[in-house]
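Dumped target.csv below, it's CSV, C-alpha atoms:
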```csv
chain,number,residue,atom,x,y,z
Z,1,MET,CA,-5.2,-9.8,36.3
Z,2,ILE,CA,-4.3,-12.0,39.3
Z,3,CYS,CA,-6.2,-14.9,37.7
Z,4,HIS,CA,-4.1,-14.4,34.6
Z,5,HIS,CA,-0.9,-14.5,36.5
Z,6,VAL,CA,-1.7,-17.6,38.4
Z,7,ARG,CA,-2.6,-19.4,35.1
Z,8,ILE,CA,0.8,-18.5,33.7
Z,9,CYS,CA,2.6,-19.8,36.8
Z,10,ASN,CA,0.6,-23.0,36.7
Z,11,LYS,CA,1.3,-23.4,33.1
Z,12,GLY,CA,5.0,-22.8,33.8
Z,13,ARG,CA,5.1,-25.6,36.3
Z,14,GLY,CA,3.2,-28.0,34.0
Z,15,PHE,CA,5.6,-27.2,31.2
Z,16,ARG,CA,8.7,-28.1,33.3
Z,17,LEU,CA,7.2,-31.5,34.4
Z,18,PHE,CA,6.0,-32.2,30.9
Z,19,ALA,CA,9.4,-31.3,29.4
Z,20,ALA,CA,11.3,-33.5,31.8
Z,21,GLU,CA,9.2,-36.5,31.1
Z,22,SER,CA,8.7,-36.6,27.4
Z,23,ALA,CA,10.4,-33.7,25.7
Z,24,HIS,CA,12.5,-36.0,23.5
Z,25,THR,CA,9.6,-37.8,21.7
Z,26,LEU,CA,7.4,-34.7,21.6
Z,27,GLU,CA,10.0,-32.5,19.9
Z,28,GLY,CA,10.3,-34.7,16.8
Z,29,ARG,CA,6.6,-34.9,16.2
Z,30,HIS,CA,6.0,-31.2,16.8
Z,31,LEU,CA,8.9,-29.8,14.8
Z,32,ILE,CA,7.1,-29.5,11.5
Z,33,PRO,CA,3.9,-27.8,12.9
Z,34,PHE,CA,6.3,-25.4,14.8
Z,35,LEU,CA,8.1,-24.5,11.6
Z,36,ILE,CA,4.9,-24.2,9.6
Z,37,THR,CA,3.6,-21.7,12.3
Z,38,LEU,CA,6.7,-19.6,12.1
Z,39,LEU,CA,6.8,-19.6,8.3
Z,40,VAL,CA,3.1,-18.8,7.9
Z,41,CYS,CA,3.4,-15.9,10.4
Z,42,GLN,CA,6.4,-14.6,8.4
Z,43,LEU,CA,4.5,-15.0,5.2
Z,44,ILE,CA,1.5,-13.1,6.6
Z,45,GLY,CA,4.0,-10.5,7.8
Z,46,GLU,CA,5.8,-10.1,4.4
Z,47,VAL,CA,2.5,-9.9,2.5
Z,48,THR,CA,1.1,-7.3,5.0
Z,49,VAL,CA,4.2,-5.2,4.5
Z,50,ILE,CA,3.8,-5.3,0.7
Z,51,VAL,CA,0.0,-4.8,0.6
Z,52,PHE,CA,0.0,-1.8,3.1
Z,53,GLY,CA,3.4,-0.5,2.0
Z,54,LEU,CA,4.7,-0.6,5.6
Z,55,PRO,CA,8.2,0.6,6.3
Z,56,LEU,CA,8.9,-2.5,8.4
Z,57,PRO,CA,10.6,-5.8,7.8
Z,58,GLY,CA,8.2,-8.7,7.2
Z,59,PRO,CA,9.6,-10.9,10.1
Z,60,VAL,CA,8.9,-8.0,12.6
Z,61,VAL,CA,5.3,-7.9,11.5
Z,62,GLY,CA,5.3,-11.7,11.6
Z,63,MET,CA,6.4,-11.5,15.2
Z,64,ALA,CA,3.3,-9.3,15.9
Z,65,VAL,CA,1.1,-11.8,14.0
Z,66,LEU,CA,2.3,-14.7,16.1
Z,67,PHE,CA,2.0,-12.7,19.3
Z,68,LEU,CA,-1.6,-11.8,18.5
Z,69,TRP,CA,-2.3,-15.5,17.5
Z,70,LEU,CA,-0.9,-16.7,20.9
Z,71,THR,CA,-2.9,-14.0,22.8
Z,72,VAL,CA,-6.1,-15.0,21.0
Z,73,ALA,CA,-5.4,-18.7,21.6
Z,74,GLY,CA,-4.6,-17.9,25.3
Z,75,LYS,CA,-1.9,-20.4,25.6
Z,76,THR,CA,1.2,-22.0,24.0
Z,77,THR,CA,2.1,-25.7,24.1
Z,78,ALA,CA,5.1,-27.1,26.0
Z,79,ASN,CA,6.6,-28.2,22.7
Z,80,PHE,CA,6.2,-24.9,21.1
Z,81,GLU,CA,8.0,-23.2,24.0
Z,82,ILE,CA,10.8,-25.8,24.0
Z,83,LEU,CA,11.3,-25.5,20.2
Z,84,SER,CA,11.3,-21.7,20.2
Z,85,ASN,CA,13.7,-21.6,23.2
Z,86,GLN,CA,16.1,-23.9,21.3
Z,87,LEU,CA,15.9,-21.8,18.1
Z,88,LEU,CA,16.3,-18.5,20.0
Z,89,SER,CA,19.2,-19.8,22.1
Z,90,HIS,CA,21.2,-19.8,18.8
Z,91,LEU,CA,19.9,-16.4,17.6
Z,92,SER,CA,23.5,-15.0,17.6
Z,93,LEU,CA,24.6,-17.6,15.1
Z,94,LEU,CA,22.1,-16.3,12.6
Z,95,PHE,CA,23.8,-12.9,12.5
Z,96,VAL,CA,27.2,-14.3,11.4
Z,97,PRO,CA,26.6,-14.3,7.6
Z,98,ALA,CA,25.4,-10.7,7.7
Z,99,GLY,CA,28.3,-9.8,10.0
Z,100,VAL,CA,30.8,-11.2,7.5
Z,101,GLY,CA,29.2,-9.3,4.6
Z,102,VAL,CA,29.5,-6.1,6.6
Z,103,MET,CA,33.1,-6.6,7.7
Z,104,LEU,CA,34.1,-7.1,4.1
Z,105,HIS,CA,32.6,-3.7,3.4
Z,106,ALA,CA,34.5,-2.1,6.2
Z,107,GLU,CA,36.5,0.0,3.6
Z,108,LEU,CA,33.3,2.1,3.3
Z,109,LEU,CA,34.3,3.5,6.7
Z,110,GLY,CA,37.4,4.8,4.9
Z,111,GLU,CA,38.7,8.3,5.8
Z,112,GLU,CA,35.8,8.9,8.2
Z,113,LEU,CA,36.7,5.9,10.3
Z,114,VAL,CA,37.4,8.0,13.4
Z,115,PRO,CA,34.2,10.1,13.5
Z,116,ILE,CA,32.1,7.0,12.7
Z,117,ALA,CA,33.8,4.8,15.3
Z,118,VAL,CA,33.5,7.5,18.0
Z,119,ALA,CA,29.9,8.3,17.1
Z,120,LEU,CA,28.9,4.6,17.2
Z,121,VAL,CA,30.7,3.8,20.5
Z,122,VAL,CA,29.5,7.0,22.4
Z,123,SER,CA,26.0,6.9,20.9
Z,124,THR,CA,25.6,3.2,21.9
Z,125,LEU,CA,26.7,3.9,25.5
Z,126,ILE,CA,24.5,7.0,25.8
Z,127,THR,CA,21.4,5.1,24.4
Z,128,LEU,CA,21.9,2.1,26.6
Z,129,ALA,CA,22.3,4.3,29.7
Z,130,LEU,CA,19.4,6.6,29.1
Z,131,THR,CA,16.9,3.9,28.0
Z,132,GLY,CA,17.9,1.7,30.9
Z,133,TRP,CA,17.6,4.6,33.3
Z,134,ILE,CA,14.1,5.7,32.1
Z,135,MET,CA,12.8,2.1,32.1
Z,136,ASN,CA,14.2,1.5,35.6
Z,137,LYS,CA,12.8,4.7,36.9
Z,138,LEU,CA,9.3,4.2,35.5
Z,139,GLY,CA,9.4,0.4,36.1
Z,140,THR,CA,9.8,0.9,39.9
Z,141,GLU,CA,6.3,2.4,40.1
Z,142,THR,CA,4.8,-0.8,38.6
Z,143,ARG,CA,7.2,-3.3,40.0
Z,144,ASP,CA,5.8,-6.3,41.7
Z,145,SER,CA,7.2,-7.8,44.9
L,1,MET,CA,49.4,-34.0,-5.2
L,2,THR,CA,49.0,-30.3,-5.6
L,3,THR,CA,46.7,-30.8,-8.6
L,4,GLU,CA,44.6,-33.3,-6.6
L,5,LEU,CA,44.2,-30.8,-3.7
L,6,GLU,CA,43.4,-28.1,-6.2
L,7,ARG,CA,40.7,-30.4,-7.7
L,8,ILE,CA,39.2,-30.9,-4.3
L,9,TRP,CA,39.3,-27.2,-3.5
L,10,VAL,CA,37.6,-26.3,-6.8
L,11,TYR,CA,34.9,-28.9,-6.1
L,12,LEU,CA,34.3,-27.7,-2.5
L,13,SER,CA,34.4,-24.0,-3.2
L,14,ALA,CA,31.7,-24.5,-5.8
L,15,SER,CA,29.3,-26.2,-3.3
L,16,PRO,CA,27.6,-24.5,-0.4
L,17,LEU,CA,28.7,-27.2,2.0
L,18,LEU,CA,32.0,-25.7,2.9
L,19,ALA,CA,30.7,-22.2,3.7
L,20,LEU,CA,27.9,-23.6,5.8
L,21,THR,CA,30.3,-25.8,7.7
L,22,LEU,CA,32.7,-22.9,8.2
L,23,THR,CA,29.9,-20.7,9.5
L,24,LEU,CA,28.9,-23.3,12.2
L,25,VAL,CA,32.4,-24.2,13.1
L,26,ALA,CA,33.4,-20.5,13.5
L,27,TYR,CA,30.4,-19.9,15.6
L,28,GLN,CA,31.1,-22.9,17.8
L,29,PHE,CA,34.6,-21.7,18.2
L,30,GLY,CA,33.4,-18.3,19.2
L,31,SER,CA,30.9,-19.8,21.7
L,32,TRP,CA,33.6,-22.0,23.1
L,33,LEU,CA,35.9,-19.0,23.8
L,34,HIS,CA,32.8,-17.2,25.2
L,35,LEU,CA,32.3,-20.1,27.7
L,36,LYS,CA,36.0,-20.3,28.5
L,37,SER,CA,36.0,-16.6,29.4
L,38,GLY,CA,33.3,-17.3,32.0
L,39,ARG,CA,30.5,-15.9,29.7
L,40,ASN,CA,32.2,-12.5,29.5
L,41,PRO,CA,30.0,-10.3,27.3
L,42,LEU,CA,33.2,-8.7,25.9
L,43,VAL,CA,34.1,-12.1,24.3
L,44,ASN,CA,31.3,-11.9,21.8
L,45,PRO,CA,30.7,-15.1,19.8
L,46,VAL,CA,29.3,-13.2,16.7
L,47,LEU,CA,32.4,-10.9,16.6
L,48,LEU,CA,34.8,-13.8,17.0
L,49,ALA,CA,33.1,-15.9,14.3
L,50,VAL,CA,33.0,-13.0,11.9
L,51,ILE,CA,36.7,-12.2,12.4
L,52,ALA,CA,37.6,-15.9,11.9
L,53,ILE,CA,35.6,-16.2,8.7
L,54,VAL,CA,36.7,-12.9,7.3
L,55,THR,CA,40.3,-13.9,7.9
L,56,LEU,CA,39.8,-17.3,6.2
L,57,LEU,CA,38.0,-15.7,3.2
L,58,SER,CA,40.7,-13.1,2.7
L,59,LEU,CA,43.5,-15.7,3.0
L,60,SER,CA,41.8,-18.1,0.5
L,61,GLY,CA,40.7,-15.3,-1.8
L,62,THR,CA,37.1,-16.4,-1.6
L,63,SER,CA,34.4,-13.8,-2.5
L,64,TYR,CA,31.5,-13.0,-0.2
L,65,SER,CA,29.0,-14.1,-2.9
L,66,THR,CA,30.6,-17.6,-2.9
L,67,TYR,CA,30.6,-17.7,0.9
L,68,PHE,CA,27.0,-16.5,1.0
L,69,GLU,CA,25.8,-19.4,-1.2
L,70,GLY,CA,26.4,-21.6,1.8
L,71,ALA,CA,25.8,-19.1,4.6
L,72,GLN,CA,22.4,-18.1,3.2
L,73,PHE,CA,20.8,-21.2,4.8
L,74,VAL,CA,21.8,-19.8,8.2
L,75,HIS,CA,20.9,-16.2,7.2
L,76,PHE,CA,17.4,-17.3,6.1
L,77,LEU,CA,16.6,-18.6,9.6
L,78,LEU,CA,16.8,-15.0,10.9
L,79,GLY,CA,13.2,-14.4,9.6
L,80,PRO,CA,11.5,-17.4,11.4
L,81,ALA,CA,13.7,-16.8,14.5
L,82,THR,CA,12.5,-13.1,14.6
L,83,VAL,CA,8.9,-14.4,14.4
L,84,ALA,CA,9.7,-16.8,17.3
L,85,LEU,CA,10.6,-13.9,19.5
L,86,ALA,CA,6.8,-13.6,20.0
L,87,VAL,CA,6.9,-16.7,22.3
L,88,PRO,CA,9.0,-15.3,25.1
L,89,LEU,CA,7.1,-12.1,24.7
L,90,TYR,CA,3.8,-13.9,25.2
L,91,GLN,CA,5.3,-15.9,28.2
L,92,GLN,CA,6.0,-12.5,29.9
L,93,LEU,CA,2.7,-11.0,28.8
L,94,HIS,CA,1.7,-10.2,32.5
L,95,LEU,CA,4.9,-8.2,33.0
L,96,VAL,CA,4.7,-6.5,29.6
L,97,ARG,CA,1.1,-5.4,30.3
L,98,ARG,CA,2.0,-4.0,33.7
L,99,SER,CA,4.8,-1.8,32.3
L,100,ALA,CA,3.4,-1.0,28.9
L,101,LYS,CA,3.6,2.8,29.3
L,102,ALA,CA,7.1,2.7,30.7
L,103,ILE,CA,8.2,0.5,27.7
L,104,LEU,CA,6.6,2.9,25.1
L,105,LEU,CA,8.2,6.0,26.7
L,106,ALA,CA,11.6,4.3,27.2
L,107,VAL,CA,11.6,3.1,23.5
L,108,LEU,CA,10.6,6.5,22.2
L,109,CYS,CA,13.3,8.3,24.2
L,110,GLY,CA,15.9,5.6,23.4
L,111,SER,CA,15.1,5.8,19.7
L,112,LEU,CA,15.5,9.6,19.6
L,113,THR,CA,18.7,9.4,21.7
L,114,ALA,CA,20.2,6.8,19.4
L,115,GLY,CA,19.6,8.9,16.3
L,116,ILE,CA,20.3,12.3,17.6
L,117,SER,CA,23.5,11.3,19.5
L,118,ALA,CA,24.9,9.5,16.4
L,119,VAL,CA,24.1,12.5,14.2
L,120,GLY,CA,25.4,15.1,16.7
L,121,ILE,CA,28.7,13.3,17.4
L,122,SER,CA,29.6,12.5,13.8
L,123,TRP,CA,28.7,16.1,12.8
L,124,ALA,CA,30.8,17.6,15.6
L,125,LEU,CA,33.8,15.4,14.4
L,126,GLY,CA,33.4,16.7,10.9
L,127,ALA,CA,31.9,13.7,9.1
L,128,SER,CA,30.3,14.3,5.6
L,129,ARG,CA,26.6,14.9,5.3
L,130,GLU,CA,26.1,11.5,3.7
L,131,THR,CA,27.9,9.7,6.5
L,132,ILE,CA,26.0,11.6,9.2
L,133,LEU,CA,22.6,10.7,7.6
L,134,SER,CA,23.8,7.1,7.2
L,135,LEU,CA,24.4,6.8,11.0
L,136,ALA,CA,21.0,8.2,12.1
L,137,PRO,CA,19.0,5.0,11.9
L,138,LYS,CA,21.9,2.7,13.1
L,139,SER,CA,20.1,1.3,16.2
L,140,ALA,CA,17.1,-0.1,14.2
L,141,THR,CA,17.1,-3.6,12.7
L,142,THR,CA,19.1,-3.8,9.4
L,143,PRO,CA,16.2,-3.8,6.8
L,144,VAL,CA,14.5,-0.8,8.5
L,145,ALA,CA,17.8,1.1,9.0
L,146,MET,CA,18.8,0.6,5.3
L,147,GLY,CA,15.4,1.7,4.1
L,148,VAL,CA,15.4,4.8,6.3
L,149,SER,CA,19.0,5.6,5.2
L,150,GLU,CA,18.0,5.5,1.6
L,151,GLN,CA,15.0,7.6,2.2
L,152,ILE,CA,16.9,10.4,4.0
L,153,GLY,CA,19.8,10.5,1.6
L,154,GLY,CA,22.3,8.3,3.4
L,155,LEU,CA,24.3,5.4,2.0
L,156,PRO,CA,22.4,2.1,2.8
L,157,SER,CA,25.5,-0.1,2.7
L,158,LEU,CA,27.4,2.2,5.1
L,159,THR,CA,24.3,2.1,7.3
L,160,ALA,CA,24.4,-1.8,7.3
L,161,VAL,CA,28.0,-1.6,8.6
L,162,ALA,CA,27.0,0.8,11.3
L,163,VAL,CA,24.0,-1.3,12.3
L,164,ILE,CA,26.0,-4.5,12.7
L,165,LEU,CA,28.8,-2.7,14.6
L,166,THR,CA,26.2,-1.1,16.9
L,167,GLY,CA,24.6,-4.4,17.5
L,168,ILE,CA,27.9,-6.0,18.5
L,169,LEU,CA,28.9,-3.0,20.6
L,170,GLY,CA,25.5,-3.0,22.4
L,171,ALA,CA,25.7,-6.7,23.0
L,172,MET,CA,29.2,-6.4,24.4
L,173,ALA,CA,28.7,-3.3,26.6
L,174,GLY,CA,25.0,-3.5,27.5
L,175,GLN,CA,25.0,-5.5,30.8
L,176,GLY,CA,28.2,-3.8,31.9
L,177,VAL,CA,26.9,-0.2,31.4
L,178,LEU,CA,23.6,-1.0,33.2
L,179,ARG,CA,25.4,-2.8,36.1
L,180,LEU,CA,27.6,0.3,36.5
L,181,MET,CA,24.4,2.3,36.8
L,182,LYS,CA,23.2,-0.2,39.4
L,183,ILE,CA,20.3,-1.2,37.2
L,184,HIS,CA,19.5,-4.9,37.8
L,185,ASP,CA,15.9,-5.0,36.6
L,186,ASP,CA,15.7,-7.5,33.7
L,187,ARG,CA,12.9,-5.4,32.1
L,188,ALA,CA,15.1,-2.3,32.0
L,189,ILE,CA,18.1,-4.3,30.8
L,190,GLY,CA,16.0,-5.9,28.0
L,191,VAL,CA,14.5,-2.7,26.8
L,192,ALA,CA,17.8,-0.8,26.9
L,193,ILE,CA,19.6,-3.5,24.9
L,194,GLY,CA,16.7,-4.1,22.5
L,195,VAL,CA,16.4,-0.4,21.6
L,196,THR,CA,20.2,0.1,21.3
L,197,ALA,CA,21.4,-3.1,19.7
L,198,HIS,CA,18.3,-4.7,17.8
L,199,GLY,CA,18.6,-8.5,17.2
L,200,ILE,CA,22.2,-8.9,18.1
L,201,GLY,CA,21.6,-7.4,21.4
L,202,THR,CA,18.4,-9.4,21.8
L,203,ALA,CA,20.3,-12.6,21.2
L,204,ARG,CA,22.6,-11.6,24.1
L,205,ALA,CA,19.7,-10.5,26.3
L,206,LEU,CA,18.0,-13.9,25.8
L,207,GLN,CA,21.1,-15.5,27.3
L,208,ALA,CA,20.8,-13.2,30.4
L,209,SER,CA,17.2,-14.2,31.1
L,210,THR,CA,13.9,-14.9,29.4
L,211,VAL,CA,12.5,-11.7,30.8
L,212,ALA,CA,15.3,-9.6,29.4
L,213,GLY,CA,15.1,-11.4,26.1
L,214,ALA,CA,11.3,-10.9,25.8
L,215,PHE,CA,11.6,-7.2,26.6
L,216,SER,CA,14.5,-6.8,24.3
L,217,GLY,CA,12.6,-8.4,21.4
L,218,LEU,CA,9.7,-6.1,22.0
L,219,ALA,CA,11.9,-3.0,22.3
L,220,MET,CA,13.6,-4.0,19.0
L,221,GLY,CA,10.2,-4.3,17.2
L,222,LEU,CA,8.9,-1.0,18.7
L,223,ASN,CA,12.2,0.8,17.8
L,224,ALA,CA,11.9,-0.4,14.2
L,225,ILE,CA,8.5,1.4,14.0
L,226,ALA,CA,9.8,4.5,15.9
L,227,THR,CA,12.9,4.8,13.7
L,228,ALA,CA,10.9,4.3,10.5
L,229,VAL,CA,8.5,7.0,11.5
L,230,LEU,CA,10.6,9.5,13.5
L,231,ILE,CA,14.0,9.7,11.7
L,232,PRO,CA,12.6,10.7,8.2
L,233,ALA,CA,10.2,13.1,9.9
L,234,ILE,CA,12.9,14.8,11.9
L,235,VAL,CA,15.3,15.0,8.9
L,236,ASN,CA,12.5,16.6,6.8
L,237,MET,CA,12.0,19.3,9.5
L,238,PHE,CA,15.6,20.4,8.9
L,239,ARG,CA,15.3,20.5,5.1
```
Could you spell out this file's structure in structure tokens?
Amino acid sequence: MICHHVRICNKGRGFRLFAAESAHTLEGRHLIPFLITLLVCQLIGEVTVIVFGLPLPGPVVGMAVLFLWLTVAGKTTANFEILSNQLLSHLSLLFVPAGVGVMLHAELLGEELVPIAVALVVSTLITLALTGWIMNKLGTETRDS
Amino acid sequence: MTTELERIWVYLSASPLLALTLTLVAYQFGSWLHLKSGRNPLVNPVLLAVIAIVTLLSLSGTSYSTYFEGAQFVHFLLGPATVALAVPLYQQLHLVRRSAKAILLAVLCGSLTAGISAVGISWALGASRETILSLAPKSATTPVAMGVSEQIGGLPSLTAVAVILTGILGAMAGQGVLRLMKIHDDRAIGVAIGVTAHGIGTARALQASTVAGAFSGLAMGLNAIATAVLIPAIVNMFR
């Protein structure tokens, strides 16, 4: 366990040096392998969902596939981390088209606007508070220094 | 002159370029306001971009299907980006392992709380049966929530509205609520936001810290499983 931790820290330090020196040239060369990895994992996810009739979205299963892949490989490369950080830093943008579609359907809320709005707001606040509280409570037992 | 403008408009509205540009510009505008506000979570870039685009579409009389022809290129990237959430998760593997039990329990309780509170409150306020069932899976990621909604007799399109609104609400309120409760652990912040507000919340959590983002992505995935299994089972018990 300690060994593992140290390895990750070292890797973290290496990654930063590496990134500062040569991120620019590396990114271009590594973009396509990065995209292939994501798309292949998503494909495996989508196919798994269809074959086993899972009630889950393909990309969520694809996330599990990539996670297993990384765990088995035991490492990621600096480029892979940089590229995924860049993609994920714009994750919000990717929800805009779906958000627009939903707002145009806002008339579905119709006469029940008030009960729906109150239910969503209060339920969101309760869920945030309770989940955070449980995780914080249980997390303290295993918290590191 | 008017006919010339009309000709250009007809040309542009038939190509995906305009909608794609509009999506990016609206988002950049939202992000700019977000930065100007000192990264205030209440000034949410997704919400601002959506409002700006909906306003422009309504004013120009453009249909959603026309808009989506351009916007689909952005929408498509949601899949690969969701897969990429495995990377921060892997980077925080040592933390995840150490609190695996806590994560599972927190997600389970959070998932049940989200469903039961939404159902209970909308029922108490006199919503119709179909609406109540549509709200039950609203904290799960959109495809799961819509599937569950259909399965239990809700209205999937209403569920989609509820999911997106919940995501935006959770992203806006998440850090504030937890700060009020004096919870400053990034793991707890991540799990709470991920369970409550799926991908939209996770996008926000990633901006808070990599640890919060990693735990939020994991919680979102686990909540998808929990919602898909638990909500239909609970609804069946009351049939």
Which value, in Å to one decimal, gives the distance between atom CA of L:Thr113 and atom CA of L:Ile152?
->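 Taking atom CA of L:Thr113 and atom CA of L:Ile152, their separation equals 17.8 Å.
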Counting all atoms listed in the file, the residue of L:Thr159, L:Ala219, L:Ala114, L:Leu230 that sits nearest chain Z =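 The shortest atom-to-atom distance to chain Z comes from L:Ala114.
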Could you jot down the atom CA of Z:Leu39 to atom CA of L:Thr210 separation for me, Å, one decimal place?
->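 According to the coordinates, atom CA of Z:Leu39 and atom CA of L:Thr210 are separated by 22.8 Å.
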Report, as lines of an AutoDock Vina configuration file, the axis-aligned box around all atoms of stretch 170-182 of chain L present in the file, extended by 3 Å on each side; give centre and edge lengths in Å to one decimal place.
```
center_x = 26.2
center_y = -2.2
center_z = 30.9
size_x = 12.0
size_y = 15.0
size_z = 23.0
```
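For the atom pair formed by atom CA of L:Phe238 and atom CA of L:His198, the distance is 26.8 Å, given to one decimal.
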With only C-alpha atoms as the basis for distance, which of Z:Leu38, Z:Leu54, Z:Ile116, Z:Met63 is at the shortest distance from L:Val144?
->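 When distances to L:Val144 are compared using only C-alpha atoms, the smallest one comes from Z:Leu54.
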Close residues, L:Ser99 itself excluded, 7 Å, only C-alpha atoms, min 3 positions apart in chain, as a ChimeraX atom specification | /Z:139,142 /L:95-96,102-103
Counting all atoms listed in the file, what is within 8 Å of stretch 223-229 of chain L, bar same-chain residues fewer than 4 positions away, as a PyMOL selection string?
-> (chain Z and resi 55-56) or (chain L and resi 107-108+111+137+140-141+144-145+148+195+219+233)
Resulting file, chosen residues, C-alpha atoms, as an mmCIF file, in the frame of the given file:
```cif
data_model
loop_
_atom_site.group_PDB
_atom_site.id
_atom_site.type_symbol
_atom_site.label_atom_id
_atom_site.label_comp_id
_atom_site.auth_asym_id
_atom_site.auth_seq_id
_atom_site.Cartn_x
_atom_site.Cartn_y
_atom_site.Cartn_z
ATOM 1 C CA PRO Z 55 8.200 0.600 6.300
ATOM 2 C CA LEU Z 56 8.900 -2.500 8.400
ATOM 3 C CA VAL L 107 11.600 3.100 23.500
ATOM 4 C CA LEU L 108 10.600 6.500 22.200
ATOM 5 C CA SER L 111 15.100 5.800 19.700
ATOM 6 C CA PRO L 137 19.000 5.000 11.900
ATOM 7 C CA ALA L 140 17.100 -0.100 14.200
ATOM 8 C CA THR L 141 17.100 -3.600 12.700
ATOM 9 C CA VAL L 144 14.500 -0.800 8.500
ATOM 10 C CA ALA L 145 17.800 1.100 9.000
ATOM 11 C CA VAL L 148 15.400 4.800 6.300
ATOM 12 C CA VAL L 195 16.400 -0.400 21.600
ATOM 13 C CA ALA L 219 11.900 -3.000 22.300
ATOM 14 C CA ALA L 233 10.200 13.100 9.900
#
```
Who sits within 6 Å of L:Gly167, all atoms listed in the file, same chain under 5 positions skipped, as a list in words |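 Once the adjacent positions are removed, what remains is Ala197, Ile200 and Gly201 of chain L.
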For chain Z, which residue among L:Lys36, L:Arg187, L:Arg129, L:Arg7 is the nearest when counting all atoms listed in the file?
->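 Looking at the shortest contact to chain Z, the residue is L:Arg187.
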For Z:Leu130, which residue among L:Ser117, L:Asn236, L:Ser122, L:Ser216 is the nearest when counting only C-alpha atoms?
->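 Result for the nearest residue to Z:Leu130: L:Ser117.
Nearest to chain Z of all the residues L:Leu125, L:Leu12, L:Ala100, L:Ala208 is L:Leu125, based on all atoms listed in the file.
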Using only C-alpha atoms, which residue out of Z:Ile32, Z:Ala73, Z:Val49, Z:Leu66 lies closest to chain L?
->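 Closest residue, counting only C-alpha atoms: Z:Leu66.
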Test item: which residues lie within 10 Å of (24.6, -10.2, 27.9) counting all atoms listed in the file, as a ChimeraX atom specification | /L:39-42,44,170-176,189-190,193,201-209,212-213
Please, which residues are within 10 Å of (21.7, 8.7, 19.7) by the file's coordinates, counting all atoms listed in the file, and could they come as a list in words?
->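 The requested residues, written out, are Ala119, Leu120, Val122, Ser123, Thr124, Leu125, Ile126, Thr127, Leu128 and Leu130 of chain Z; Cys109, Gly110, Ser111, Leu112, Thr113, Ala114, Gly115, Ile116, Ser117, Ala118, Val119, Gly120, Ile121, Leu135, Ala136, Pro137, Lys138, Ser139 and Thr196 of chain L.
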